[in-house]
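K.L.:
If you scroll down you'll find the structure; I have some questions about it.
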Amino acid sequence: MEILSTPPALIDEVCMASVSSETYEVAAVAAVRQPDAVGRRVRAQGWVRTRRDSKAGFSFLEINDGSCLANIQVIAETSLPNYESEIKKLGPGCSVAVCGEVVASSGQGQATEIKAQEVIVCGWADPEMYPLQKKRHTFEKLREWAHLRPRTNTFGAIARVRNCVCRSIHDFFQERGFLYVHPPIITASDCEGAGAMFKVTTFDLAKVPMQNGKPDFAQDFFHRPAFLTVSGQLEAEILACALGKVYTFGPTFRAENSNTSRHLSEFWMVEPEMAFFDLTDNMQVAEDFLKRIFGDVLSRCGDDMKLFNEHVDNTVVETLERIVASRFHRLTYTDAVDILQRSGRKFEFPVEWGVDLQSEHERFLTEEEFKSPVILYDYPKEIKAFYMRMNDDGKTVRAMDVLVPKVGEIIGGSQREERLDVLESRMREMNLDPAVYWWYLDLRRFGTVPHAGFGLGLERVLQFITGMGNIRDVIPFPRTPGSAEF
RNA sequence: UCCCCGAUAGCUCAGUCGGUAGAGCAAGCGGCUGUUAACCGCUGGGUCGUAGGUUCGAGUCCUACUCGGGGAGCCA
């Protein structure tokens, strides 16, 4: 366990003036809590969670610095010079730096504690005004305090799990020789038709230049309509068709007026794209990928996952453990429809070959029929995008969706159509103008290769991992219709 | 965007048949205690989401709007 760390510069400037001449190692709470930290002289810095006074001549302070779920208990004796003037007035939310020796704790619940030689108050938090109380708050209320909710146990845990997942994403692809690539965030074409897009413009909206009753985009910044990306897939294909295996990882924007617990207007998406991969290879990558993420979270975020399991959803740990050890069920769309029709279950929306599966159908498959993630593939061409590879039956395309219990679709992907003539006829069928996609078609015109890829919604994965019911609670600053505070 | 539900103290909620508001927690003060969601006592704290309407009288009934939640569609 590494105990030395770089102190935040700002805090140090604020506090160093009053620090005694003795030296202390700046240490994270996570490190100080380890039994082997006993005997070290440390400086712990963070926010007070609670204070308890003892008439035995000292107060207990619980300090959290976000390095782990748990706090470090500080023993602040009445003999400290600022005990009456400051320490007795500390409460939830105050920021402090504590210098002292790490000692074995004589109480229950922690191995170590800090016997304070100095307690420096950096910032006060008026208990009459500070919103966070020493009690449970609803997630809805905490959402109104997005600037303070990272200081709570649950949202601190979410931040750490989110970080762990992002690290796993990079590790997984980097170890397998993928290149991390960056598609544009501003895009000029509504390539995929994957929902409404946010417009990007420098026009003065009070006086937009008009031409024949329409905005004259020739005068706009990019000399044409521009949007925020809804997917980096088409650009990722360009890069894959030169570099082999690539992945993107960045923000994605959808202006869809979706008001659900599973949709955000701004979310993070991972999109691997692999040249010389077919749909079977693609499914294997998706499965290995999810298992790696879940496995890493279990091994690196044990305390945080324990919190989710105890206070949010008591099945999450068991579910992740089972998935890591199991094999995903793979079946065609056609087989899935067959299972649903023969289930005897009365669905609100009847199942029929050719229609898109509803939430209730996906949930039946993942939660009842298989009780595990399910990969569905070979979907009817009518309900999937133009770029997905046509099967020989002429009716289905090489699409795949990875479905998980509760959250539903967590990954959507396909093998891409690499045959120029087939792709062009598919575009015409769907009333898309091939001329607009000239560069996309060039990839098939010059040195085309079979390739495949998928998209994974980061927040959907986090929802699944943590059991959090609302996607707005697994991203620090959720953007949704009518909501962009903070 | 559609359907349903909700909005009362800092937070979570109760409030009967329409008659000017209550609890728990939090906070302040005091007590007790190597405590750890600490505990015990006292005190303060409200334009009942906003705007109209019905009524002698509205937290309560009606309408619209705003915000929040659940479900649906779209999807990741």
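Residues are named by chain letter and number: chains run A, B, ... in the order of the structure tokens, numbers start at 1 in each chain, and ligands are numbered from 1 in the order shown.
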Report as a tab-separated table: every residue of chain A with an atom at most 7 Å from chain B, its closest pair of atoms, and their distance in Å to one decimal, counting only C-alpha atoms (C1' of nucleotides), with rows sorted by chain and ascending residue number.
P.N.:
residue	atom	partner	partner_atom	distance
A:Arg52	CA	B:U35	C1'	6.4
A:Ser54	CA	B:U33	C1'	6.3
A:Phe60	CA	B:U35	C1'	6.9
A:Gly107	CA	B:G34	C1'	6.1
A:Pro127	CA	B:A27	C1'	6.8
A:Glu128	CA	B:A27	C1'	5.9
A:Pro131	CA	B:G10	C1'	6.8
A:Gln133	CA	B:A26	C1'	6.3
A:His137	CA	B:C11	C1'	6.9
A:Ile410	CA	B:A76	C1'	6.3
A:Ile411	CA	B:A76	C1'	6.8
A:Leu456	CA	B:A76	C1'	6.0
A:Gly457	CA	B:A76	C1'	4.4
A:Arg460	CA	B:A76	C1'	7.0
K.L.:
Go ahead and write the residues just picked, N, CA and C atoms, as an mmCIF file, in the first residue's frame.
P.N.:
data_model
loop_
_atom_site.group_PDB
_atom_site.id
_atom_site.type_symbol
_atom_site.label_atom_id
_atom_site.label_comp_id
_atom_site.auth_asym_id
_atom_site.auth_seq_id
_atom_site.Cartn_x
_atom_site.Cartn_y
_atom_site.Cartn_z
ATOM 1 N N ARG A 52 -18.109 13.340 17.451
ATOM 2 C CA ARG A 52 -18.713 12.860 18.687
ATOM 3 C C ARG A 52 -17.807 13.281 19.824
ATOM 4 N N SER A 54 -16.442 13.171 23.724
ATOM 5 C CA SER A 54 -16.346 12.315 24.907
ATOM 6 C C SER A 54 -15.907 13.159 26.088
ATOM 7 N N PHE A 60 -14.145 12.653 18.983
ATOM 8 C CA PHE A 60 -13.904 11.836 17.789
ATOM 9 C C PHE A 60 -14.292 12.642 16.571
ATOM 10 N N GLY A 107 -11.180 0.944 19.712
ATOM 11 C CA GLY A 107 -12.618 0.751 19.525
ATOM 12 C C GLY A 107 -12.914 -0.275 18.454
ATOM 13 N N PRO A 127 -23.875 24.490 9.995
ATOM 14 C CA PRO A 127 -24.829 23.366 10.095
ATOM 15 C C PRO A 127 -26.274 23.789 9.833
ATOM 16 N N GLU A 128 -26.586 25.064 10.036
ATOM 17 C CA GLU A 128 -27.943 25.529 9.755
ATOM 18 C C GLU A 128 -28.188 25.629 8.244
ATOM 19 N N PRO A 131 -26.749 21.548 3.411
ATOM 20 C CA PRO A 131 -27.886 20.659 3.113
ATOM 21 C C PRO A 131 -27.685 19.211 3.561
ATOM 22 N N GLN A 133 -27.253 16.228 5.708
ATOM 23 C CA GLN A 133 -27.389 15.934 7.124
ATOM 24 C C GLN A 133 -26.846 14.552 7.422
ATOM 25 N N HIS A 137 -30.555 10.575 2.785
ATOM 26 C CA HIS A 137 -31.321 11.427 1.882
ATOM 27 C C HIS A 137 -31.776 10.591 0.686
ATOM 28 N N ILE A 410 -27.602 -3.248 -23.276
ATOM 29 C CA ILE A 410 -26.404 -2.618 -22.719
ATOM 30 C C ILE A 410 -25.371 -2.468 -23.824
ATOM 31 N N ILE A 411 -25.460 -3.321 -24.834
ATOM 32 C CA ILE A 411 -24.568 -3.261 -25.983
ATOM 33 C C ILE A 411 -25.403 -3.488 -27.236
ATOM 34 N N LEU A 456 -21.196 0.446 -26.376
ATOM 35 C CA LEU A 456 -21.595 0.145 -25.015
ATOM 36 C C LEU A 456 -21.812 1.458 -24.271
ATOM 37 N N GLY A 457 -22.977 1.599 -23.657
ATOM 38 C CA GLY A 457 -23.262 2.798 -22.887
ATOM 39 C C GLY A 457 -22.663 2.681 -21.496
ATOM 40 N N ARG A 460 -25.150 2.855 -18.639
ATOM 41 C CA ARG A 460 -25.993 1.657 -18.540
ATOM 42 C C ARG A 460 -25.230 0.549 -17.803
#
K.L.:
Using only C-alpha atoms (C1' of nucleotides), which residue out of B:G24, B:G18, B:G6, B:G44 lies closest to C61 (chain B)?
P.N.:
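Ranked by minimum distance to C61 (chain B), first place goes to B:G18.
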K.L.:
Quick one: everything within 8 Å of Pro225 (chain A), counting only C-alpha atoms (C1' of nucleotides), minus sequence neighbours fewer than 2 positions away in the same chain. Send it as number ranges by chain.
P.N.:
A: 188-189, 199-201, 217, 220, 222-223, 227
K.L.:
Store the residues picked out above in a file with C-alpha atoms, as a PDB file, in the first residue's frame.
P.N.:
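So the final result, stored in part-v3.pdb, reads:
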ATOM      1  CA  ALA A 188     -21.704  17.532 -40.253  1.00  0.00           C
ATOM      2  CA  SER A 189     -23.928  14.655 -41.213  1.00  0.00           C
ATOM      3  CA  LYS A 199     -27.453  21.606 -33.573  1.00  0.00           C
ATOM      4  CA  VAL A 200     -24.133  23.418 -33.410  1.00  0.00           C
ATOM      5  CA  THR A 201     -24.203  26.977 -34.702  1.00  0.00           C
ATOM      6  CA  PHE A 217     -26.185  27.588 -43.407  1.00  0.00           C
ATOM      7  CA  ASP A 220     -22.816  29.541 -40.548  1.00  0.00           C
ATOM      8  CA  PHE A 222     -18.995  25.353 -40.824  1.00  0.00           C
ATOM      9  CA  HIS A 223     -20.743  26.583 -43.981  1.00  0.00           C
ATOM     10  CA  PHE A 227     -24.439  18.702 -34.971  1.00  0.00           C
TER      11      PHE A 227
END
K.L.:
Out of region 74-221 of chain A, which residues get strand (DSSP E) from DSSP, as a short mmCIF file (atom, residue, chain, number, x, y, z; two decimals) with all heavy atoms, in the first residue's frame?
P.N.:
data_model
loop_
_atom_site.label_atom_id
_atom_site.label_comp_id
_atom_site.auth_asym_id
_atom_site.auth_seq_id
_atom_site.Cartn_x
_atom_site.Cartn_y
_atom_site.Cartn_z
N VAL A 74 -10.46 10.26 14.01
CA VAL A 74 -9.41 11.10 14.58
C VAL A 74 -9.74 11.34 16.05
O VAL A 74 -10.88 11.63 16.41
CB VAL A 74 -9.34 12.46 13.84
CG1 VAL A 74 -8.39 13.42 14.56
CG2 VAL A 74 -8.93 12.26 12.40
N ILE A 75 -8.72 11.19 16.90
CA ILE A 75 -8.88 11.52 18.32
C ILE A 75 -8.29 12.90 18.55
O ILE A 75 -7.09 13.11 18.37
CB ILE A 75 -8.13 10.50 19.21
CG1 ILE A 75 -8.51 9.06 18.85
CG2 ILE A 75 -8.38 10.79 20.69
CD1 ILE A 75 -9.98 8.75 19.01
N ALA A 76 -9.18 13.85 18.88
CA ALA A 76 -8.74 15.23 19.12
C ALA A 76 -8.92 15.56 20.58
O ALA A 76 -10.05 15.67 21.08
CB ALA A 76 -9.54 16.19 18.23
N GLU A 77 -7.81 15.67 21.31
CA GLU A 77 -7.90 15.86 22.76
C GLU A 77 -8.16 17.32 23.13
O GLU A 77 -7.81 18.24 22.38
CB GLU A 77 -6.61 15.36 23.42
CG GLU A 77 -6.37 13.88 23.13
CD GLU A 77 -5.21 13.30 23.92
OE1 GLU A 77 -4.26 14.06 24.21
OE2 GLU A 77 -5.27 12.10 24.23
N SER A 95 -14.04 21.26 6.18
CA SER A 95 -12.82 20.67 5.63
C SER A 95 -11.67 20.89 6.59
O SER A 95 -11.53 21.98 7.16
CB SER A 95 -12.50 21.29 4.26
OG SER A 95 -12.53 22.70 4.34
N VAL A 96 -10.87 19.85 6.78
CA VAL A 96 -9.79 19.92 7.76
C VAL A 96 -8.54 19.20 7.26
O VAL A 96 -8.62 18.35 6.37
CB VAL A 96 -10.19 19.27 9.11
CG1 VAL A 96 -11.31 20.04 9.78
CG2 VAL A 96 -10.58 17.82 8.91
N ALA A 97 -7.42 19.58 7.85
CA ALA A 97 -6.20 18.80 7.71
C ALA A 97 -5.81 18.37 9.12
O ALA A 97 -5.81 19.19 10.04
CB ALA A 97 -5.10 19.64 7.08
N VAL A 98 -5.53 17.09 9.26
CA VAL A 98 -5.20 16.56 10.57
C VAL A 98 -3.80 15.98 10.53
O VAL A 98 -3.50 15.12 9.70
CB VAL A 98 -6.19 15.46 11.00
CG1 VAL A 98 -5.76 14.85 12.33
CG2 VAL A 98 -7.60 16.02 11.09
N CYS A 99 -2.94 16.47 11.42
CA CYS A 99 -1.59 15.92 11.52
C CYS A 99 -1.50 15.13 12.83
O CYS A 99 -1.97 15.60 13.86
CB CYS A 99 -0.55 17.03 11.52
SG CYS A 99 -0.54 17.99 10.00
N GLY A 100 -0.92 13.96 12.73
CA GLY A 100 -0.80 13.18 13.95
C GLY A 100 -0.21 11.82 13.69
O GLY A 100 0.17 11.49 12.57
N GLU A 101 -0.19 11.01 14.74
CA GLU A 101 0.38 9.69 14.62
C GLU A 101 -0.73 8.66 14.45
O GLU A 101 -1.77 8.73 15.10
CB GLU A 101 1.19 9.36 15.89
CG GLU A 101 1.91 8.04 15.78
CD GLU A 101 2.66 7.67 17.08
OE1 GLU A 101 2.79 8.55 17.95
OE2 GLU A 101 3.09 6.51 17.19
N VAL A 102 -0.49 7.72 13.56
CA VAL A 102 -1.45 6.63 13.37
C VAL A 102 -1.24 5.62 14.48
O VAL A 102 -0.12 5.16 14.71
CB VAL A 102 -1.24 5.95 12.00
CG1 VAL A 102 -2.29 4.85 11.80
CG2 VAL A 102 -1.31 6.98 10.88
N VAL A 103 -2.33 5.32 15.18
CA VAL A 103 -2.25 4.35 16.28
C VAL A 103 -3.30 3.27 16.07
O VAL A 103 -4.27 3.47 15.34
CB VAL A 103 -2.49 5.04 17.65
CG1 VAL A 103 -1.41 6.08 17.93
CG2 VAL A 103 -3.87 5.67 17.71
N ALA A 104 -3.09 2.13 16.73
CA ALA A 104 -4.10 1.08 16.67
C ALA A 104 -5.33 1.55 17.42
O ALA A 104 -5.21 2.13 18.50
CB ALA A 104 -3.55 -0.22 17.27
N THR A 112 -7.32 1.31 12.68
CA THR A 112 -6.42 2.41 13.05
C THR A 112 -7.22 3.69 13.29
O THR A 112 -8.38 3.80 12.93
CB THR A 112 -5.43 2.70 11.92
OG1 THR A 112 -6.16 3.18 10.78
CG2 THR A 112 -4.64 1.46 11.53
N GLU A 113 -6.54 4.63 13.90
CA GLU A 113 -7.10 5.98 14.03
C GLU A 113 -5.92 6.94 14.15
O GLU A 113 -4.77 6.52 14.35
CB GLU A 113 -8.01 6.08 15.26
CG GLU A 113 -7.33 5.73 16.58
CD GLU A 113 -8.32 5.49 17.72
OE1 GLU A 113 -9.47 5.09 17.43
OE2 GLU A 113 -7.93 5.69 18.88
N ILE A 114 -6.18 8.22 14.02
CA ILE A 114 -5.12 9.21 14.12
C ILE A 114 -5.25 9.94 15.45
O ILE A 114 -6.31 10.47 15.77
CB ILE A 114 -5.19 10.24 12.98
CG1 ILE A 114 -5.03 9.55 11.61
CG2 ILE A 114 -4.10 11.30 13.16
CD1 ILE A 114 -5.18 10.50 10.43
N LYS A 115 -4.17 9.92 16.21
CA LYS A 115 -4.11 10.72 17.43
C LYS A 115 -3.58 12.08 17.01
O LYS A 115 -2.41 12.23 16.65
CB LYS A 115 -3.17 10.06 18.44
CG LYS A 115 -3.28 10.61 19.83
CD LYS A 115 -2.56 9.69 20.82
CE LYS A 115 -2.67 10.20 22.25
NZ LYS A 115 -2.16 11.57 22.43
N ALA A 116 -4.47 13.06 17.01
CA ALA A 116 -4.14 14.36 16.39
C ALA A 116 -3.14 15.14 17.23
O ALA A 116 -3.27 15.27 18.44
CB ALA A 116 -5.41 15.18 16.21
N GLN A 117 -2.11 15.65 16.54
CA GLN A 117 -1.22 16.62 17.17
C GLN A 117 -1.60 18.03 16.74
O GLN A 117 -1.28 19.02 17.39
CB GLN A 117 0.24 16.34 16.78
CG GLN A 117 0.97 15.40 17.75
CD GLN A 117 1.41 14.09 17.10
OE1 GLN A 117 1.77 14.06 15.94
NE2 GLN A 117 1.34 12.99 17.85
N GLU A 118 -2.30 18.09 15.61
CA GLU A 118 -2.76 19.39 15.12
C GLU A 118 -3.98 19.17 14.23
O GLU A 118 -4.01 18.26 13.41
CB GLU A 118 -1.65 20.09 14.32
CG GLU A 118 -2.01 21.49 13.92
CD GLU A 118 -0.80 22.25 13.37
OE1 GLU A 118 0.21 21.61 13.02
OE2 GLU A 118 -0.88 23.48 13.30
N VAL A 119 -5.00 19.99 14.43
CA VAL A 119 -6.18 19.96 13.57
C VAL A 119 -6.34 21.35 12.96
O VAL A 119 -6.54 22.33 13.68
CB VAL A 119 -7.45 19.57 14.36
CG1 VAL A 119 -8.68 19.68 13.45
CG2 VAL A 119 -7.32 18.17 14.93
N ILE A 120 -6.19 21.42 11.65
CA ILE A 120 -6.28 22.71 10.96
C ILE A 120 -7.60 22.79 10.21
O ILE A 120 -7.89 21.92 9.39
CB ILE A 120 -5.12 22.87 9.95
CG1 ILE A 120 -3.78 22.68 10.66
CG2 ILE A 120 -5.19 24.21 9.24
CD1 ILE A 120 -2.74 22.05 9.78
N VAL A 121 -8.37 23.80 10.53
CA VAL A 121 -9.65 23.96 9.84
C VAL A 121 -9.42 24.76 8.56
O VAL A 121 -8.93 25.88 8.59
CB VAL A 121 -10.68 24.69 10.73
CG1 VAL A 121 -12.00 24.85 9.99
CG2 VAL A 121 -10.88 23.91 12.03
N CYS A 122 -9.75 24.16 7.43
CA CYS A 122 -9.61 24.87 6.15
C CYS A 122 -10.88 25.65 5.83
O CYS A 122 -10.82 26.80 5.43
CB CYS A 122 -9.34 23.89 5.01
SG CYS A 122 -7.77 23.07 5.15
N GLY A 123 -12.03 25.02 5.99
CA GLY A 123 -13.28 25.69 5.65
C GLY A 123 -14.43 25.23 6.52
O GLY A 123 -14.54 24.04 6.84
N LEU A 179 -6.20 0.33 -30.70
CA LEU A 179 -5.76 1.72 -30.65
C LEU A 179 -6.92 2.58 -30.15
O LEU A 179 -8.05 2.46 -30.64
CB LEU A 179 -5.37 2.19 -32.06
CG LEU A 179 -3.93 2.58 -32.32
CD1 LEU A 179 -2.98 1.50 -31.84
CD2 LEU A 179 -3.72 2.87 -33.80
N TYR A 180 -6.62 3.45 -29.20
CA TYR A 180 -7.63 4.39 -28.71
C TYR A 180 -7.70 5.55 -29.69
O TYR A 180 -6.70 6.25 -29.89
CB TYR A 180 -7.22 4.88 -27.32
CG TYR A 180 -8.14 5.89 -26.67
CD1 TYR A 180 -9.51 5.88 -26.88
CD2 TYR A 180 -7.61 6.86 -25.82
CE1 TYR A 180 -10.33 6.80 -26.25
CE2 TYR A 180 -8.42 7.78 -25.19
CZ TYR A 180 -9.78 7.75 -25.42
OH TYR A 180 -10.60 8.67 -24.79
N ILE A 186 -18.10 17.23 -33.01
CA ILE A 186 -18.94 18.00 -33.92
C ILE A 186 -18.94 17.27 -35.26
O ILE A 186 -17.88 16.94 -35.79
CB ILE A 186 -18.40 19.42 -34.11
CG1 ILE A 186 -18.41 20.16 -32.77
CG2 ILE A 186 -19.24 20.17 -35.15
CD1 ILE A 186 -17.72 21.51 -32.82
N THR A 187 -20.12 17.01 -35.77
CA THR A 187 -20.21 16.26 -37.02
C THR A 187 -21.15 16.98 -37.97
O THR A 187 -22.04 17.71 -37.54
CB THR A 187 -20.71 14.82 -36.74
OG1 THR A 187 -20.82 14.13 -37.97
CG2 THR A 187 -22.04 14.83 -36.06
N LYS A 199 -28.06 20.81 -32.51
CA LYS A 199 -27.45 21.61 -33.57
C LYS A 199 -26.31 22.43 -33.00
O LYS A 199 -26.39 22.92 -31.87
CB LYS A 199 -28.50 22.52 -34.19
CG LYS A 199 -29.61 21.76 -34.90
CD LYS A 199 -30.68 22.71 -35.43
CE LYS A 199 -31.77 21.93 -36.13
NZ LYS A 199 -32.53 21.06 -35.19
N VAL A 200 -25.26 22.58 -33.79
CA VAL A 200 -24.13 23.42 -33.41
C VAL A 200 -24.09 24.60 -34.37
O VAL A 200 -24.00 24.41 -35.59
CB VAL A 200 -22.80 22.64 -33.49
CG1 VAL A 200 -21.63 23.56 -33.18
CG2 VAL A 200 -22.82 21.46 -32.53
N MET A 210 -31.52 34.07 -43.61
CA MET A 210 -32.46 33.17 -44.28
C MET A 210 -32.24 33.17 -45.79
O MET A 210 -31.79 34.15 -46.38
CB MET A 210 -33.90 33.60 -43.98
CG MET A 210 -34.25 33.66 -42.50
SD MET A 210 -34.22 32.04 -41.67
CE MET A 210 -35.79 31.38 -42.21
N GLN A 211 -32.57 32.04 -46.40
CA GLN A 211 -32.48 31.89 -47.85
C GLN A 211 -33.67 31.03 -48.27
O GLN A 211 -33.77 29.88 -47.86
CB GLN A 211 -31.15 31.20 -48.22
CG GLN A 211 -30.94 30.97 -49.70
CD GLN A 211 -30.23 32.17 -50.33
OE1 GLN A 211 -29.66 32.99 -49.63
NE2 GLN A 211 -30.28 32.26 -51.65
N LYS A 214 -35.49 29.33 -45.47
CA LYS A 214 -34.76 28.41 -44.61
C LYS A 214 -33.46 29.07 -44.14
O LYS A 214 -32.93 29.96 -44.82
CB LYS A 214 -34.43 27.12 -45.37
CG LYS A 214 -35.64 26.26 -45.67
CD LYS A 214 -35.22 25.00 -46.43
CE LYS A 214 -36.39 24.07 -46.63
NZ LYS A 214 -36.04 22.91 -47.47
N PRO A 215 -32.93 28.62 -43.01
CA PRO A 215 -31.65 29.18 -42.57
C PRO A 215 -30.58 28.99 -43.64
O PRO A 215 -30.49 27.91 -44.24
CB PRO A 215 -31.32 28.36 -41.32
CG PRO A 215 -32.63 27.85 -40.83
CD PRO A 215 -33.47 27.65 -42.06
#
K.L.:
Please, what distance in Å, to one decimal, runs between CA of Met400 (chain A) and CA of Tyr377 (chain A)?
P.N.:
4.1 Å
K.L.:
Between C1' of C67 (chain B) and CA of Ala206 (chain A), what is the spacing in Å?
P.N.:
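Separating CA of Ala206 (chain A) from C1' of C67 (chain B) is a distance of 28.4 Å.
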K.L.:
Counting only C-alpha atoms (C1' of nucleotides), what is within 12 Å of Met390 (chain A), bar same-chain residues fewer than 5 positions away, as a list in words?
P.N.:
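Those residues are Leu279, Asp378, Tyr379, Pro380, Lys381, Glu382, Lys384, Ala385, Lys395, Thr396, Val397, Arg398, Ala399, Ser414, Gln415, Arg416, Glu417, Glu418, Arg419, Leu420, Asp421, Val422, Leu423, Glu424, Ser425 and Arg426 of chain A.
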K.L.:
Just write the chosen residues, N, CA and C atoms, as a PDB file, in the first residue's frame.
P.N.:
ATOM      1  N   LEU A 279     -19.365 -11.447 -37.024  1.00  0.00           N
ATOM      2  CA  LEU A 279     -20.294 -11.250 -35.915  1.00  0.00           C
ATOM      3  C   LEU A 279     -19.970 -12.146 -34.720  1.00  0.00           C
ATOM      4  N   ASP A 378     -28.841 -11.693 -35.527  1.00  0.00           N
ATOM      5  CA  ASP A 378     -29.586 -11.926 -36.770  1.00  0.00           C
ATOM      6  C   ASP A 378     -31.011 -11.392 -36.698  1.00  0.00           C
ATOM      7  N   TYR A 379     -31.104 -10.092 -36.679  1.00  0.00           N
ATOM      8  CA  TYR A 379     -32.391  -9.406 -36.574  1.00  0.00           C
ATOM      9  C   TYR A 379     -32.986  -9.148 -37.964  1.00  0.00           C
ATOM     10  N   PRO A 380     -34.307  -8.987 -38.053  1.00  0.00           N
ATOM     11  CA  PRO A 380     -34.924  -8.582 -39.331  1.00  0.00           C
ATOM     12  C   PRO A 380     -34.310  -7.271 -39.813  1.00  0.00           C
ATOM     13  N   LYS A 381     -34.035  -7.188 -41.104  1.00  0.00           N
ATOM     14  CA  LYS A 381     -33.360  -6.001 -41.629  1.00  0.00           C
ATOM     15  C   LYS A 381     -34.200  -4.740 -41.444  1.00  0.00           C
ATOM     16  N   GLU A 382     -35.540  -4.905 -41.403  1.00  0.00           N
ATOM     17  CA  GLU A 382     -36.411  -3.735 -41.336  1.00  0.00           C
ATOM     18  C   GLU A 382     -36.238  -2.948 -40.038  1.00  0.00           C
ATOM     19  N   LYS A 384     -33.394  -2.651 -38.280  1.00  0.00           N
ATOM     20  CA  LYS A 384     -32.000  -2.323 -37.965  1.00  0.00           C
ATOM     21  C   LYS A 384     -31.413  -1.338 -38.987  1.00  0.00           C
ATOM     22  N   ALA A 385     -30.229  -0.825 -38.675  1.00  0.00           N
ATOM     23  CA  ALA A 385     -29.641   0.244 -39.468  1.00  0.00           C
ATOM     24  C   ALA A 385     -29.111  -0.260 -40.814  1.00  0.00           C
ATOM     25  N   LYS A 395     -33.355 -11.655 -45.442  1.00  0.00           N
ATOM     26  CA  LYS A 395     -34.364 -11.108 -44.535  1.00  0.00           C
ATOM     27  C   LYS A 395     -33.756 -10.559 -43.242  1.00  0.00           C
ATOM     28  N   THR A 396     -32.611 -11.120 -42.861  1.00  0.00           N
ATOM     29  CA  THR A 396     -32.026 -10.710 -41.589  1.00  0.00           C
ATOM     30  C   THR A 396     -30.635 -10.122 -41.805  1.00  0.00           C
ATOM     31  N   VAL A 397     -30.215  -9.348 -40.803  1.00  0.00           N
ATOM     32  CA  VAL A 397     -28.884  -8.751 -40.852  1.00  0.00           C
ATOM     33  C   VAL A 397     -28.080  -9.179 -39.642  1.00  0.00           C
ATOM     34  N   ARG A 398     -26.752  -9.054 -39.776  1.00  0.00           N
ATOM     35  CA  ARG A 398     -25.845  -9.546 -38.728  1.00  0.00           C
ATOM     36  C   ARG A 398     -25.717  -8.535 -37.589  1.00  0.00           C
ATOM     37  N   ALA A 399     -26.839  -8.305 -36.926  1.00  0.00           N
ATOM     38  CA  ALA A 399     -26.888  -7.411 -35.768  1.00  0.00           C
ATOM     39  C   ALA A 399     -26.836  -8.225 -34.490  1.00  0.00           C
ATOM     40  N   SER A 414     -22.922  -4.857 -34.574  1.00  0.00           N
ATOM     41  CA  SER A 414     -23.195  -5.627 -35.793  1.00  0.00           C
ATOM     42  C   SER A 414     -21.897  -5.885 -36.548  1.00  0.00           C
ATOM     43  N   GLN A 415     -21.997  -6.841 -37.457  1.00  0.00           N
ATOM     44  CA  GLN A 415     -20.987  -6.917 -38.507  1.00  0.00           C
ATOM     45  C   GLN A 415     -21.430  -5.936 -39.576  1.00  0.00           C
ATOM     46  N   ARG A 416     -20.491  -5.155 -40.121  1.00  0.00           N
ATOM     47  CA  ARG A 416     -20.855  -4.102 -41.067  1.00  0.00           C
ATOM     48  C   ARG A 416     -20.917  -4.666 -42.487  1.00  0.00           C
ATOM     49  N   GLU A 417     -21.766  -4.085 -43.284  1.00  0.00           N
ATOM     50  CA  GLU A 417     -21.865  -4.498 -44.686  1.00  0.00           C
ATOM     51  C   GLU A 417     -20.628  -4.003 -45.430  1.00  0.00           C
ATOM     52  N   GLU A 418     -19.820  -4.948 -45.930  1.00  0.00           N
ATOM     53  CA  GLU A 418     -18.581  -4.540 -46.588  1.00  0.00           C
ATOM     54  C   GLU A 418     -18.691  -4.585 -48.112  1.00  0.00           C
ATOM     55  N   ARG A 419     -19.834  -5.087 -48.632  1.00  0.00           N
ATOM     56  CA  ARG A 419     -20.006  -5.209 -50.084  1.00  0.00           C
ATOM     57  C   ARG A 419     -20.652  -3.942 -50.628  1.00  0.00           C
ATOM     58  N   LEU A 420     -19.953  -3.272 -51.518  1.00  0.00           N
ATOM     59  CA  LEU A 420     -20.387  -1.965 -52.023  1.00  0.00           C
ATOM     60  C   LEU A 420     -21.791  -2.012 -52.608  1.00  0.00           C
ATOM     61  N   ASP A 421     -22.033  -2.998 -53.498  1.00  0.00           N
ATOM     62  CA  ASP A 421     -23.336  -3.023 -54.171  1.00  0.00           C
ATOM     63  C   ASP A 421     -24.474  -3.283 -53.185  1.00  0.00           C
ATOM     64  N   VAL A 422     -24.244  -4.181 -52.235  1.00  0.00           N
ATOM     65  CA  VAL A 422     -25.295  -4.488 -51.262  1.00  0.00           C
ATOM     66  C   VAL A 422     -25.577  -3.265 -50.391  1.00  0.00           C
ATOM     67  N   LEU A 423     -24.507  -2.605 -49.973  1.00  0.00           N
ATOM     68  CA  LEU A 423     -24.673  -1.432 -49.113  1.00  0.00           C
ATOM     69  C   LEU A 423     -25.444  -0.324 -49.835  1.00  0.00           C
ATOM     70  N   GLU A 424     -25.071  -0.104 -51.102  1.00  0.00           N
ATOM     71  CA  GLU A 424     -25.759   0.953 -51.857  1.00  0.00           C
ATOM     72  C   GLU A 424     -27.244   0.637 -52.036  1.00  0.00           C
ATOM     73  N   SER A 425     -27.554  -0.613 -52.308  1.00  0.00           N
ATOM     74  CA  SER A 425     -28.974  -0.927 -52.506  1.00  0.00           C
ATOM     75  C   SER A 425     -29.733  -0.836 -51.184  1.00  0.00           C
ATOM     76  N   ARG A 426     -29.064  -1.201 -50.095  1.00  0.00           N
ATOM     77  CA  ARG A 426     -29.699  -1.056 -48.777  1.00  0.00           C
ATOM     78  C   ARG A 426     -30.000   0.414 -48.483  1.00  0.00           C
TER      79      ARG A 426
END
K.L.:
Can you tell me, as a ChimeraX atom specification, which residues in region 62-170 of chain A count as helix (DSSP H, G or I) by DSSP?
P.N.:
/A:87-89,139-144,149-151,153-170
